[in-house]
Structures are given as structure tokens and as C-alpha cells.
Amino acid sequence: MTGIDYERAAYFLEGMNSRGLTIATAESCTGGLIAASLAAIPGASSTLERGFVTYSNEAKTELLGVPAALIRDHGAVSREVALAMVAGALEHSRADVAVAVTGIAGPDGGSADKPVGLVHIAAARRSGVTLHEEMRFGPIGRHQIQEATVAAAFDLVERVLA
């Protein structure tokens, strides 16, 4: 396990704070690791508005308003669900920006269509800009997939802010 890049998290928070923006996270496969990496940085309370850990399908529906039919039709690990999660994070928070991740961290749970290491990330601004990215990290290890997802989530948020 290589660990979270806290310098990157601090740089990310500094950029958000300098713009006067707040963020909410909606996390499945990372289990709150994005929010935790931000909360580890002093001063995070001015930027980190809240985090949703929605590991189960029920939590995605109950906390974020992701339609159960969307999960049934596309699977929890899908572009459609990631986009619904990020929209729900904005709707159920006061944050200016949100990021959502759903994926298969492994080592079990993958399939031919949705292999271990598949992660869908979505980021959105209240202004209406929304981006999605599909990552295929491969079976590099559970913690490595989670850590790579945190870094990719920061990248996608930075793109949505550009």
C-alpha cells in the first residue's frame, strides 16, 4: 500500500479554498477515502462540506436519491449511476462542487463486462458543468485501486473547475 498523497490533497484543498468553493463527496468503492484524505488536511472545514459513503445500493437510493431502477438496469458500477450519485450529492448538500465514485476495488466481484479495477467517476458544479470518466486500473490490488481512484477524482474535479 503506497498511501494517500496528502500533499496532493492539500494542494487540491488550497485551490478550492482560493476560489471560495466547497465540495461534497459521494463514495462507494473508496468508502469515504476521498473525504478522509481531505479532512486530514488542517483547514479542511472551510472546503469539505460533507461526504456520503454509499457503499450499498440502498444507501445510494436513500441518501443520494439514485433511482433503484437505474441501479437495476445499469448496475451500481456504471456511468449512469455515477452521474446520478454526483447529482444527488449536489442536491443533498450545500456544496458548490461534488465528486462521486463507484467501482470494483476487488479482489473479488469483477466480471468480464465489469472487471476488478473498473471505476466510474463523476464531478459536477452547481453551474451545470458535469464530467464523467471511466477508469480501468486493472487488478492492481484493492488499496491501490482505491488510492488511484482518489487521485483520479481530484483530477476530474480540477477539470470540472477549469
# chains A, B, ... in the order shown; residues from 1 in each chain; ligands from 1
call {"tool": "residues_around", "arguments": {"residues": "A:Cys29", "least_positions_apart": "5", "cutoff": "8 Å", "atoms": "only C-alpha atoms", "output": "ChimeraX atom specification"}}
result
/A:55,101-105,146
call {"tool": "write_last_selection", "arguments": {"atoms": "N, CA and C atoms", "output": "PDB file, in the first residue's frame"}}
result
ATOM      1  N   TYR A  55     -22.015   2.820   0.168  1.00  0.00           N
ATOM      2  CA  TYR A  55     -21.436   1.564  -0.281  1.00  0.00           C
ATOM      3  C   TYR A  55     -22.505   0.613  -0.809  1.00  0.00           C
ATOM      4  N   VAL A 101     -17.856   8.455  -6.879  1.00  0.00           N
ATOM      5  CA  VAL A 101     -17.123   7.302  -7.403  1.00  0.00           C
ATOM      6  C   VAL A 101     -17.872   6.019  -7.090  1.00  0.00           C
ATOM      7  N   THR A 102     -17.881   5.131  -8.053  1.00  0.00           N
ATOM      8  CA  THR A 102     -18.441   3.798  -7.868  1.00  0.00           C
ATOM      9  C   THR A 102     -17.607   2.839  -8.702  1.00  0.00           C
ATOM     10  N   GLY A 103     -17.217   1.729  -8.103  1.00  0.00           N
ATOM     11  CA  GLY A 103     -16.348   0.819  -8.836  1.00  0.00           C
ATOM     12  C   GLY A 103     -16.186  -0.515  -8.153  1.00  0.00           C
ATOM     13  N   ILE A 104     -15.275  -1.288  -8.691  1.00  0.00           N
ATOM     14  CA  ILE A 104     -14.982  -2.628  -8.177  1.00  0.00           C
ATOM     15  C   ILE A 104     -13.519  -2.646  -7.751  1.00  0.00           C
ATOM     16  N   ALA A 105     -13.299  -2.548  -6.441  1.00  0.00           N
ATOM     17  CA  ALA A 105     -11.940  -2.497  -5.914  1.00  0.00           C
ATOM     18  C   ALA A 105     -11.315  -3.876  -5.757  1.00  0.00           C
ATOM     19  N   GLN A 146      -8.206   1.913  -4.767  1.00  0.00           N
ATOM     20  CA  GLN A 146      -8.833   2.987  -4.001  1.00  0.00           C
ATOM     21  C   GLN A 146      -7.986   4.259  -4.031  1.00  0.00           C
TER      22      GLN A 146
END
call {"tool": "select_by_dssp", "arguments": {"residues": "chain A", "states": "strand (DSSP E)", "output": "count of residues only"}}
result
33
call {"tool": "select_by_dssp", "arguments": {"residues": "chain A", "states": "alpha helix (DSSP H)", "output": "PyMOL selection string"}}
result
chain A and resi 6-18+33-39+57-64+68-74+79-91+142-161
call {"tool": "residues_around", "arguments": {"residues": "A:Ala26", "least_positions_apart": "5", "cutoff": "9 Å", "atoms": "only C-alpha atoms", "output": "PyMOL selection string"}}
result
chain A and resi 32+34-35+50-54+60+64+82+85-86+88-89+98-102
call {"tool": "write_last_selection", "arguments": {"atoms": "C-alpha atoms", "output": "CSV table (one decimal), in the first residue's frame"}}
result
chain,number,residue,atom,x,y,z
A,32,GLY,CA,-15.0,7.7,2.3
A,34,ILE,CA,-11.7,10.9,-0.7
A,35,ALA,CA,-13.4,12.8,2.2
A,50,ARG,CA,-19.8,16.8,3.6
A,51,GLY,CA,-19.2,13.3,2.5
A,52,PHE,CA,-21.7,10.5,1.7
A,53,VAL,CA,-20.5,6.9,2.0
A,54,THR,CA,-23.0,5.0,-0.1
A,60,LYS,CA,-27.2,5.2,-2.9
A,64,LEU,CA,-28.5,10.4,-2.8
A,82,ALA,CA,-22.0,7.7,-11.1
A,85,MET,CA,-24.7,10.0,-7.5
A,86,VAL,CA,-22.9,13.3,-8.2
A,88,GLY,CA,-27.6,13.6,-5.7
A,89,ALA,CA,-24.6,14.8,-3.8
A,98,ALA,CA,-19.4,17.3,-5.9
A,99,VAL,CA,-17.5,14.2,-6.9
A,100,ALA,CA,-18.8,10.7,-7.0
A,101,VAL,CA,-17.1,7.3,-7.4
A,102,THR,CA,-18.4,3.8,-7.9
call {"tool": "atom_distance", "arguments": {"atom1": "atom CA of A:Thr30", "atom2": "atom CA of A:Ala162"}}
result
24.7 Å
call {"tool": "atom_distance", "arguments": {"atom1": "atom CA of A:Leu118", "atom2": "atom CA of A:Glu133"}}
result
10.7 Å
call {"tool": "residues_around", "arguments": {"residues": "A:Leu38", "least_positions_apart": "3", "cutoff": "9 Å", "atoms": "only C-alpha atoms", "output": "PyMOL selection string"}}
result
chain A and resi 6+9-10+12-13+33-35+41-42+44+47-48
call {"tool": "atom_distance", "arguments": {"atom1": "atom CA of A:Val116", "atom2": "atom CA of A:Pro67"}}
result
24.3 Å
call {"tool": "residues_around", "arguments": {"residues": "A:Glu158", "least_positions_apart": "5", "cutoff": "9 Å", "atoms": "only C-alpha atoms", "output": "PyMOL selection string"}}
result
chain A and resi 12+15-16+153
call {"tool": "write_last_selection", "arguments": {"atoms": "C-alpha atoms", "output": "PDB file, in the first residue's frame"}}
result
ATOM      1  CA  PHE A  12      -6.358  20.444  -4.043  1.00  0.00           C
ATOM      2  CA  GLY A  15      -7.113  25.539  -4.918  1.00  0.00           C
ATOM      3  CA  MET A  16     -10.729  25.037  -3.869  1.00  0.00           C
ATOM      4  CA  ALA A 153     -11.256  12.070  -8.513  1.00  0.00           C
TER       5      ALA A 153
END
call {"tool": "closest_residue", "arguments": {"among": "A:Leu63, A:Ala24, A:Val157, A:Ala87", "to": "A:Ala123", "atoms": "only C-alpha atoms"}}
result
A:Val157
call {"tool": "closest_residue", "arguments": {"among": "A:Asp96, A:Asp73, A:Asp5, A:Asp113", "to": "A:Ser37", "atoms": "only C-alpha atoms"}}
result
A:Asp5
